[in-house]
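Below is start.txt, which holds compact mmCIF, C-alpha atoms.
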# COMPACT_ATOMS: atom_id res chain seq x y z
CA MET A 460 0.00 0.00 0.00
CA PHE A 461 2.92 2.35 0.71
CA ARG A 462 6.26 3.04 -0.91
CA VAL A 463 9.08 5.33 0.25
CA VAL A 464 11.72 6.69 -2.13
CA GLY A 465 14.79 7.77 -0.18
CA LEU A 466 15.61 6.63 3.34
CA GLY A 467 17.39 9.74 4.55
CA ALA A 468 16.15 11.75 7.51
CA VAL A 469 12.65 12.46 6.17
CA GLY A 470 12.17 9.07 4.52
CA SER A 471 13.18 7.37 7.75
CA LEU A 472 10.69 9.52 9.66
CA PHE A 473 7.81 8.45 7.42
CA THR A 474 8.91 4.81 7.58
CA TYR A 475 9.04 5.03 11.38
CA PHE A 476 5.46 6.32 11.58
CA LEU A 477 4.25 3.75 9.03
CA ASN A 478 5.92 0.96 11.02
CA ARG A 479 4.32 2.12 14.24
CA ALA A 480 0.95 2.13 12.46
CA GLY A 481 1.53 -1.51 11.48
CA TYR A 482 2.71 -1.06 7.89
CA VAL A 483 5.91 -2.22 6.19
CA PRO A 484 6.46 -0.01 3.13
CA ALA A 485 8.44 -0.89 0.05
CA ALA A 486 11.55 1.26 -0.05
CA VAL A 487 13.87 2.53 -2.77
CA GLN A 488 17.39 3.18 -1.46
CA ARG A 489 20.46 4.55 -3.18
CA ARG A 490 23.03 3.36 -0.63
CA PRO A 491 21.53 0.42 1.29
CA CYS A 492 22.41 -0.16 4.93
CA GLY A 493 22.37 -3.51 6.62
CA GLU A 494 20.13 -1.99 9.28
CA TYR A 495 18.36 1.35 9.64
CA LEU A 496 17.69 2.67 13.12
CA PHE A 497 15.31 5.43 14.13
CA CYS A 498 15.73 6.85 17.61
CA ALA A 499 13.12 8.88 19.48
CA GLY A 500 12.54 9.54 23.16
CA GLY A 501 15.72 7.73 24.15
CA ALA A 502 14.76 4.46 22.42
CA CYS A 503 15.88 3.17 19.03
CA GLU A 504 13.86 0.96 16.70
CA ARG A 505 14.92 -0.98 13.64
CA LEU A 506 13.04 0.27 10.61
CA ARG A 507 11.08 -2.39 8.75
CA PHE A 508 10.65 -2.19 4.99
CA ALA A 509 10.76 -4.38 1.89
CA ALA A 510 12.84 -3.85 -1.21
CA ALA A 511 10.74 -2.06 -3.82
CA GLY A 512 9.97 -4.02 -6.94
CA ALA A 513 7.14 -3.92 -9.47
CA GLU A 514 4.38 -3.91 -6.84
CA GLU A 515 1.70 -1.25 -6.90
CA ALA A 516 1.11 1.25 -4.09
CA ARG A 517 -1.59 3.74 -3.21
CA TYR A 518 0.95 6.30 -2.01
CA THR A 519 4.63 6.89 -2.68
CA VAL A 520 6.44 9.20 -0.26
CA VAL A 521 9.27 10.97 -2.07
CA ALA A 522 12.02 12.05 0.31
CA VAL A 523 15.06 12.44 -1.92
CA LYS A 524 17.08 15.65 -2.14
CA ALA A 525 15.44 18.24 -4.37
CA TYR A 526 18.18 17.98 -7.00
CA ASP A 527 17.58 14.19 -7.20
CA SER A 528 13.89 14.62 -8.06
CA PRO A 529 14.13 13.31 -11.65
CA SER A 530 15.68 10.06 -10.38
CA ALA A 531 12.59 9.39 -8.25
CA VAL A 532 10.08 9.51 -11.11
CA PRO A 533 10.54 5.89 -12.38
CA HIS A 534 9.79 4.60 -8.87
CA LEU A 535 6.49 6.42 -8.36
CA ARG A 536 3.26 4.52 -7.85
CA GLY A 537 -0.20 5.77 -6.92
CA VAL A 538 -0.18 9.29 -5.50
CA ALA A 539 3.31 10.73 -5.10
CA VAL A 540 3.59 12.69 -1.84
CA VAL A 541 6.69 14.86 -2.20
CA ALA A 542 8.33 15.95 1.06
CA GLN A 543 11.42 18.01 0.26
CA ASN A 544 13.23 21.19 1.23
CA GLY A 545 12.86 24.22 -0.97
CA VAL A 546 10.85 24.95 -4.09
CA GLY A 547 11.48 23.41 -7.49
CA GLY A 548 11.93 19.71 -6.83
CA PHE A 549 8.22 19.05 -6.42
CA GLU A 550 7.45 21.05 -9.54
CA ALA A 551 9.87 18.90 -11.56
CA ILE A 552 8.24 15.70 -10.27
CA ARG A 553 4.69 16.95 -10.88
CA GLU A 554 5.56 17.87 -14.46
CA ALA A 555 6.74 14.32 -15.14
CA TYR A 556 4.17 12.60 -12.88
CA PRO A 557 1.01 14.72 -12.55
CA ASN A 558 -0.51 12.54 -9.82
CA SER A 559 1.68 14.30 -7.24
CA VAL A 560 1.06 16.46 -4.18
CA ALA A 561 3.45 18.38 -1.95
CA ALA A 562 3.93 17.80 1.77
CA VAL A 563 5.70 19.94 4.35
CA VAL A 564 7.60 18.37 7.25
CA THR A 565 8.69 20.48 10.20
CA TYR A 566 10.02 17.67 12.37
CA GLY A 567 13.71 17.94 13.19
CA VAL A 568 15.54 14.73 12.30
CA TYR A 569 19.31 14.24 12.35
CA ARG A 570 20.77 11.41 10.32
CA GLU A 571 24.28 10.03 10.62
CA GLY A 572 25.08 6.98 8.53
CA CYS A 573 22.27 4.44 8.97
CA ARG A 574 20.91 5.98 12.16
CA SER A 575 18.29 8.75 12.34
CA GLU A 576 17.38 10.62 15.50
CA LEU A 577 14.29 12.69 16.23
CA ARG A 578 15.52 16.01 17.63
CA GLY A 579 12.43 18.16 17.33
CA VAL A 580 8.74 17.33 17.22
CA GLY A 581 6.89 19.22 14.51
CA GLU A 582 4.08 18.62 12.06
CA ILE A 583 3.46 16.99 8.72
CA TYR A 584 1.26 19.20 6.54
CA LEU A 585 -0.70 17.29 3.91
CA PRO A 586 -3.42 18.30 1.44
CA ARG A 587 -6.88 16.99 2.29
CA SER A 588 -6.83 14.89 -0.88
CA VAL A 589 -4.48 12.44 0.89
CA ALA A 590 -6.39 12.32 4.19
CA GLU A 591 -6.17 8.52 4.11
CA LEU A 592 -2.38 8.71 4.36
CA GLY A 593 -2.72 11.31 7.10
CA ASP A 594 -4.92 8.96 9.14
CA VAL A 595 -2.36 6.17 8.83
CA LEU A 596 0.51 8.44 9.90
CA ARG A 597 -1.54 9.68 12.86
CA GLY A 598 -2.07 6.07 13.82
CA GLY A 599 1.70 5.77 14.03
CA GLY A 600 2.01 8.79 16.30
CA ALA A 601 2.64 11.55 13.76
CA ARG A 602 1.27 15.04 14.19
CA VAL A 603 -0.54 15.53 10.89
CA VAL A 604 -2.28 18.71 9.78
CA LEU A 605 -4.60 18.51 6.76
CA VAL A 606 -4.87 21.77 4.83
CA ASP A 607 -6.71 23.04 1.78
CA ASP A 608 -3.55 24.53 0.29
CA VAL A 609 -0.02 23.37 1.13
CA GLU A 610 1.67 26.18 -0.80
CA PRO A 611 1.66 28.79 2.03
CA TYR A 612 3.34 26.24 4.31
CA ARG A 613 5.94 25.44 1.66
CA TRP A 614 6.85 29.11 1.42
CA LEU A 615 6.96 29.49 5.18
CA LYS A 616 9.40 26.60 5.39
CA LEU A 617 11.35 28.08 2.46
CA ALA A 618 11.74 31.33 4.41
CA VAL A 619 12.98 29.45 7.47
CA ASN A 620 15.43 27.34 5.45
CA ALA A 621 16.67 30.31 3.41
CA ALA A 622 17.66 32.10 6.60
CA ILE A 623 18.82 29.33 8.93
CA ASN A 624 20.43 26.93 6.46
CA ALA A 625 22.35 29.51 4.45
CA ILE A 626 23.69 31.47 7.43
CA THR A 627 24.69 28.40 9.45
CA ALA A 628 26.27 26.77 6.40
CA ILE A 629 28.51 29.73 5.61
CA LEU A 630 29.48 30.21 9.27
CA GLN A 631 29.58 26.45 10.03
CA VAL A 632 27.70 26.98 13.29
CA PRO A 633 24.64 25.43 14.97
CA ASN A 634 21.16 26.80 14.31
CA GLY A 635 20.97 28.65 17.62
CA VAL A 636 23.45 31.28 16.42
CA VAL A 637 20.75 32.76 14.17
CA ALA A 638 18.58 33.53 17.21
CA GLU A 639 21.36 34.34 19.67
CA VAL A 640 23.73 36.66 17.75
CA GLY A 641 22.43 40.05 16.69
CA HIS A 642 24.32 40.28 13.39
CA ALA A 643 23.09 36.84 12.30
CA ARG A 644 19.58 37.74 13.41
CA ASP A 645 19.65 40.95 11.33
CA LEU A 646 20.87 39.02 8.31
CA ALA A 647 18.08 36.47 8.77
CA ARG A 648 15.55 39.30 8.91
CA ALA A 649 16.82 40.65 5.56
CA VAL A 650 16.68 37.17 3.98
CA VAL A 651 13.11 36.66 5.14
CA ALA A 652 11.98 40.11 3.97
CA GLU A 653 12.97 39.19 0.42
CA VAL A 654 11.14 35.85 0.60
CA VAL A 655 8.02 37.65 1.83
CA ARG A 656 8.15 40.14 -1.05
CA VAL A 657 8.43 37.32 -3.59
CA ALA A 658 5.63 35.31 -1.95
CA ASP A 659 3.38 38.39 -1.76
CA THR A 660 3.94 39.04 -5.46
CA LEU A 661 2.95 35.44 -6.18
CA GLY A 662 -0.17 35.89 -4.08
CA VAL A 663 1.01 33.46 -1.40
CA LYS A 664 0.12 34.42 2.18
CA MET A 665 2.17 32.53 4.75
CA PRO A 666 0.28 31.09 7.74
CA ALA A 667 2.61 32.66 10.33
CA ASP A 668 5.10 35.50 10.66
CA PRO A 669 8.15 34.02 8.87
CA PHE A 670 10.79 35.92 10.84
CA GLU A 671 9.22 34.90 14.15
CA GLU A 672 9.17 31.34 12.82
CA VAL A 673 12.89 31.58 12.01
CA LEU A 674 13.63 32.66 15.57
CA ARG A 675 11.37 29.96 17.02
CA VAL A 676 12.93 27.18 14.93
CA ALA A 677 16.49 28.41 15.55
CA ALA A 678 15.88 28.46 19.31
CA ALA A 679 14.06 25.11 19.34
CA THR A 680 16.89 23.44 17.37
CA ALA A 681 19.72 25.52 18.85
CA GLY A 682 22.20 22.66 19.03
CA ASN A 683 21.37 21.18 15.64
CA ILE A 684 23.47 21.54 12.50
CA SER A 685 21.38 22.36 9.43
CA SER A 686 21.41 19.99 6.45
CA THR A 687 23.12 22.62 4.29
CA ALA A 688 25.85 23.16 6.88
CA ARG A 689 26.38 19.39 7.13
CA ASP A 690 26.52 19.00 3.36
CA LEU A 691 29.12 21.78 3.01
CA ALA A 692 31.21 20.31 5.82
CA ARG A 693 31.14 16.92 4.06
CA CYS A 694 31.89 18.47 0.67
CA VAL A 695 28.70 17.18 -0.92
CA ARG A 696 26.20 19.08 -3.02
CA THR A 697 23.74 21.25 -1.08
CA GLU A 698 20.11 22.09 -1.90
CA VAL A 699 20.83 25.83 -1.99
CA ASP A 700 19.64 26.10 -5.62
CA PHE A 701 16.19 25.07 -4.40
CA ILE A 702 16.22 27.27 -1.30
CA ASN A 703 17.94 30.67 -1.68
CA GLY A 704 18.29 29.92 -5.38
CA ALA A 705 14.53 29.49 -5.70
CA VAL A 706 13.97 32.88 -4.06
CA VAL A 707 16.38 34.48 -6.54
CA LYS A 708 14.85 32.65 -9.52
CA TYR A 709 11.28 33.66 -8.67
CA GLY A 710 12.42 37.19 -7.84
CA GLU A 711 14.04 37.60 -11.24
CA ALA A 712 10.92 36.30 -13.00
CA LEU A 713 8.65 38.62 -11.01
CA GLY A 714 10.86 41.71 -10.99
CA VAL A 715 11.45 41.52 -7.24
CA ALA A 716 14.98 42.32 -6.05
CA THR A 717 16.59 39.63 -3.86
CA PRO A 718 20.21 40.79 -3.36
CA VAL A 719 20.71 39.20 0.08
CA ASN A 720 19.55 35.77 -1.05
CA ALA A 721 21.63 36.16 -4.22
CA ALA A 722 24.75 36.90 -2.17
CA LEU A 723 24.19 33.93 0.12
CA LEU A 724 23.57 31.71 -2.90
CA GLN A 725 26.85 32.76 -4.52
CA LEU A 726 28.80 32.32 -1.28
CA ILE A 727 27.53 28.78 -0.80
CA LYS A 728 28.11 27.89 -4.46
CA THR A 729 31.67 29.19 -4.09
CA ARG A 730 32.17 27.04 -1.00
CA GLU A 731 30.88 24.07 -2.96
CA ALA A 732 33.32 24.82 -5.79
CA LEU A 733 36.22 25.05 -3.33
CA CYS A 734 35.45 21.74 -1.67
CA GLY A 735 38.47 19.47 -1.73
CA ARG A 736 40.89 22.34 -2.41
CA GLU A 737 41.18 23.56 1.18

How does the structure come out when it is put into structure tokens?
Amino acid sequence: MFRVVGLGAVGSLFTYFLNRAGYVPAAVQRRPCGEYLFCAGGACERLRFAAAGAEEARYTVVAVKAYDSPSAVPHLRGVAVVAQNGVGGFEAIREAYPNSVAAVVTYGVYREGCRSELRGVGEIYLPRSVAELGDVLRGGGARVVLVDDVEPYRWLKLAVNAAINAITAILQVPNGVVAEVGHARDLARAVVAEVVRVADTLGVKMPADPFEEVLRVAAATAGNISSTARDLARCVRTEVDFINGAVVKYGEALGVATPVNAALLQLIKTREALCGRE
């Protein structure tokens, strides 16, 4: 009934909730582990899943990096529920596979190797069209919110990621610095202001004050290292093109200036280019 493409932090989270609801999904993995562990509340559980084959599924959760979106398309079955950072990956999947919806995950999950750890309880925002999946996830202990339109929540998360991920990646510091240090806080405010202007021009009204959400998330995950910061530290490709890069791309198309996001984008792309030379 269920399939999961990508067993990183978010894919492991969905598999964990599906397991706890009594389901064993089929999973598509790029780098298989002998055993996947998911740890929450001081206890670790072995994730249960089957190797994906030709079987059908009602829902496929897509949890690959945004830049890997095209690679997920051949593995989609039923309704594709795309849970990714940024804006752009879902659009690429929907173009190739129209039976797709977006999801927004605000849980904090840290993954190291084959072990994922829940570090912040959040929500999973789903469109009402996939209420059946929402009921199953709730049965596994997930906090699910069904909404008429996921887009405002995607842009709210984009604003949070554009500020926290970019700043912490360049500085190589934990998330808490964005809330604790005045200069970083001011920079985050400028990043968010540009995202708001782009979203407003698109007609997207975010469900909460995005700058207050940045401060809340940064404080709640103060000791965490953002995914972009981790990727830069490991010299692997980041999702910045789909986060700050998406803000810049939409801004250019709409005639909205986004110089702060553009500068952060270029700094991170430079760091990526220098990886291995330092």

Applying 10 Å and only C-alpha atoms, which residues near Ala561 (chain A) remain after dropping the ones on its own chain fewer than 3 positions away? List them as a PDB file with C-alpha atoms, keeping the file's coordinate frame.
ATOM      1  CA  VAL A 520       6.440   9.200  -0.260  1.00  0.00           C
ATOM      2  CA  VAL A 521       9.270  10.970  -2.070  1.00  0.00           C
ATOM      3  CA  ALA A 539       3.310  10.730  -5.100  1.00  0.00           C
ATOM      4  CA  VAL A 540       3.590  12.690  -1.840  1.00  0.00           C
ATOM      5  CA  VAL A 541       6.690  14.860  -2.200  1.00  0.00           C
ATOM      6  CA  ALA A 542       8.330  15.950   1.060  1.00  0.00           C
ATOM      7  CA  GLN A 543      11.420  18.010   0.260  1.00  0.00           C
ATOM      8  CA  GLY A 548      11.930  19.710  -6.830  1.00  0.00           C
ATOM      9  CA  PHE A 549       8.220  19.050  -6.420  1.00  0.00           C
ATOM     10  CA  GLU A 550       7.450  21.050  -9.540  1.00  0.00           C
ATOM     11  CA  ILE A 552       8.240  15.700 -10.270  1.00  0.00           C
ATOM     12  CA  ARG A 553       4.690  16.950 -10.880  1.00  0.00           C
ATOM     13  CA  TYR A 584       1.260  19.200   6.540  1.00  0.00           C
ATOM     14  CA  LEU A 585      -0.700  17.290   3.910  1.00  0.00           C
ATOM     15  CA  PRO A 586      -3.420  18.300   1.440  1.00  0.00           C
ATOM     16  CA  ASP A 608      -3.550  24.530   0.290  1.00  0.00           C
ATOM     17  CA  VAL A 609      -0.020  23.370   1.130  1.00  0.00           C
ATOM     18  CA  GLU A 610       1.670  26.180  -0.800  1.00  0.00           C
ATOM     19  CA  ARG A 613       5.940  25.440   1.660  1.00  0.00           C
TER      20      ARG A 613
END

Using Å and a single decimal, report how far CA of Ala647 (chain A) sits from CA of Ala622 (chain A). 4.9 Å

Interatomic distance, CA of Asn544 (chain A) to CA of Arg696 (chain A) (Å, one decimal):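 Separation of CA of Asn544 (chain A) and CA of Arg696 (chain A): 13.8 Å.
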
Tell me, in Å to one decimal, how far CA of Arg587 (chain A) is from CA of Asn620 (chain A).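 So the two atoms, CA of Arg587 (chain A) and CA of Asn620 (chain A), lie 24.8 Å apart.
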
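Considering only C-alpha atoms, the residue among A:Ala480, A:Leu615, A:Val719, A:Ala643 positioned nearest to Leu596 (chain A) is A:Ala480.
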
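Using only C-alpha atoms, every residue with an atom at most 7 Å from the point (12.5, 15.3, -6.9) is listed here: Val523, Lys524, Ala525, Tyr526, Asp527, Ser528, Pro529, Ala531, Gly548, Phe549, Ala551 and Ile552 of chain A.
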
Convert the current residue selection to file output with C-alpha atoms, as a compact mmCIF listing (two decimals), in the frame of the given file.
# COMPACT_ATOMS: atom_id res chain seq x y z
CA VAL A 523 15.06 12.44 -1.92
CA LYS A 524 17.08 15.65 -2.14
CA ALA A 525 15.44 18.24 -4.37
CA TYR A 526 18.18 17.98 -7.00
CA ASP A 527 17.58 14.19 -7.20
CA SER A 528 13.89 14.62 -8.06
CA PRO A 529 14.13 13.31 -11.65
CA ALA A 531 12.59 9.39 -8.25
CA GLY A 548 11.93 19.71 -6.83
CA PHE A 549 8.22 19.05 -6.42
CA ALA A 551 9.87 18.90 -11.56
CA ILE A 552 8.24 15.70 -10.27

Which polymer residues have any atom within 12 Å of an atom of Leu724 (chain A), counting only C-alpha atoms, with same-chain residues fewer than 4 positions away left out, as a list of chain:residue names?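 Final neighbour list, sorted by chain and number: A:Ala621, A:Ala622, A:Asn624, A:Ala625, A:Ile626, A:Ala628, A:Ile629, A:Val650, A:Thr687, A:Thr697, A:Glu698, A:Val699, A:Asp700, A:Phe701, A:Ile702, A:Asn703, A:Gly704, A:Ala705, A:Val706, A:Val707, A:Lys708, A:Thr717, A:Pro718, A:Val719, A:Asn720, A:Lys728, A:Thr729, A:Arg730, A:Glu731.
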
Taking (14.1, 28.1, 7.9) as a centre in this file's frame and 12 Å as the limit, can you find every polymer residue with an atom that close, using all atoms listed in the file, and give them as a ChimeraX atom specification? /A:544-545,564-565,567,612-627,634-635,637-638,647-648,650-651,654,668-680,685-687,702-703

Leaving out Glu515 (chain A) and any residue of its chain fewer than 6 positions from it, which residues lie within 9 Å of it when counting all atoms listed in the file, given as a count of residues only? 5

One residue among A:Ala522, A:Val632, A:Val532, A:Val657 is nearest to Gly682 (chain A) when using only C-alpha atoms, and that residue is A:Val632

Can you pull out every residue within 8 Å of region 492-497 of chain A, counting all atoms listed in the file, but drop anything in the same chain fewer than 6 positions away, and send it as a list of chain:residue names?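 What passes the distance filter is A:Ser471, A:Leu472, A:Tyr475, A:Cys503, A:Glu504, A:Arg505, A:Leu506, A:Cys573, A:Arg574, A:Ser575, A:Glu576, A:Leu577.
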
Output for the residues just chosen: C-alpha atoms as an mmCIF file, in the coordinates of the input:
data_model
loop_
_atom_site.group_PDB
_atom_site.id
_atom_site.type_symbol
_atom_site.label_atom_id
_atom_site.label_comp_id
_atom_site.auth_asym_id
_atom_site.auth_seq_id
_atom_site.Cartn_x
_atom_site.Cartn_y
_atom_site.Cartn_z
ATOM 1 C CA SER A 471 13.180 7.370 7.750
ATOM 2 C CA LEU A 472 10.690 9.520 9.660
ATOM 3 C CA TYR A 475 9.040 5.030 11.380
ATOM 4 C CA CYS A 503 15.880 3.170 19.030
ATOM 5 C CA GLU A 504 13.860 0.960 16.700
ATOM 6 C CA ARG A 505 14.920 -0.980 13.640
ATOM 7 C CA LEU A 506 13.040 0.270 10.610
ATOM 8 C CA CYS A 573 22.270 4.440 8.970
ATOM 9 C CA ARG A 574 20.910 5.980 12.160
ATOM 10 C CA SER A 575 18.290 8.750 12.340
ATOM 11 C CA GLU A 576 17.380 10.620 15.500
ATOM 12 C CA LEU A 577 14.290 12.690 16.230
#

Name all residues at most 12 Å from Ala590 (chain A) (count all atoms listed in the file; drop same-chain ones fewer than 2 positions away) and give them as a CSV table (one decimal) with C-alpha atoms, in the frame of the given file.
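Result file is around.csv:
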chain,number,residue,atom,x,y,z
A,518,TYR,CA,1.0,6.3,-2.0
A,538,VAL,CA,-0.2,9.3,-5.5
A,540,VAL,CA,3.6,12.7,-1.8
A,560,VAL,CA,1.1,16.5,-4.2
A,562,ALA,CA,3.9,17.8,1.8
A,583,ILE,CA,3.5,17.0,8.7
A,584,TYR,CA,1.3,19.2,6.5
A,585,LEU,CA,-0.7,17.3,3.9
A,586,PRO,CA,-3.4,18.3,1.4
A,587,ARG,CA,-6.9,17.0,2.3
A,588,SER,CA,-6.8,14.9,-0.9
A,592,LEU,CA,-2.4,8.7,4.4
A,593,GLY,CA,-2.7,11.3,7.1
A,594,ASP,CA,-4.9,9.0,9.1
A,595,VAL,CA,-2.4,6.2,8.8
A,596,LEU,CA,0.5,8.4,9.9
A,597,ARG,CA,-1.5,9.7,12.9
A,603,VAL,CA,-0.5,15.5,10.9
A,604,VAL,CA,-2.3,18.7,9.8
A,605,LEU,CA,-4.6,18.5,6.8
A,606,VAL,CA,-4.9,21.8,4.8
A,607,ASP,CA,-6.7,23.0,1.8

Report as AutoDock Vina command-line options the centre and the edge lengths, in Å to one decimal, of the axis-aligned box holding every listed atom of region 672-682 of chain A, padded by 4 Å on each side.
--center_x 15.7 --center_y 27.7 --center_z 15.7 --size_x 21.0 --size_y 18.0 --size_z 15.3

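Each of A:Val663, A:Leu477, A:Val636, A:Leu713 was compared to Gly600 (chain A) using all atoms listed in the file, and A:Leu477 turns out to be the nearest.
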
Find the residue from A:Pro611, A:Cys734, A:Ala649, A:Ala485 that sits nearest to Ala667 (chain A); use all atoms listed in the file when measuring. A:Pro611
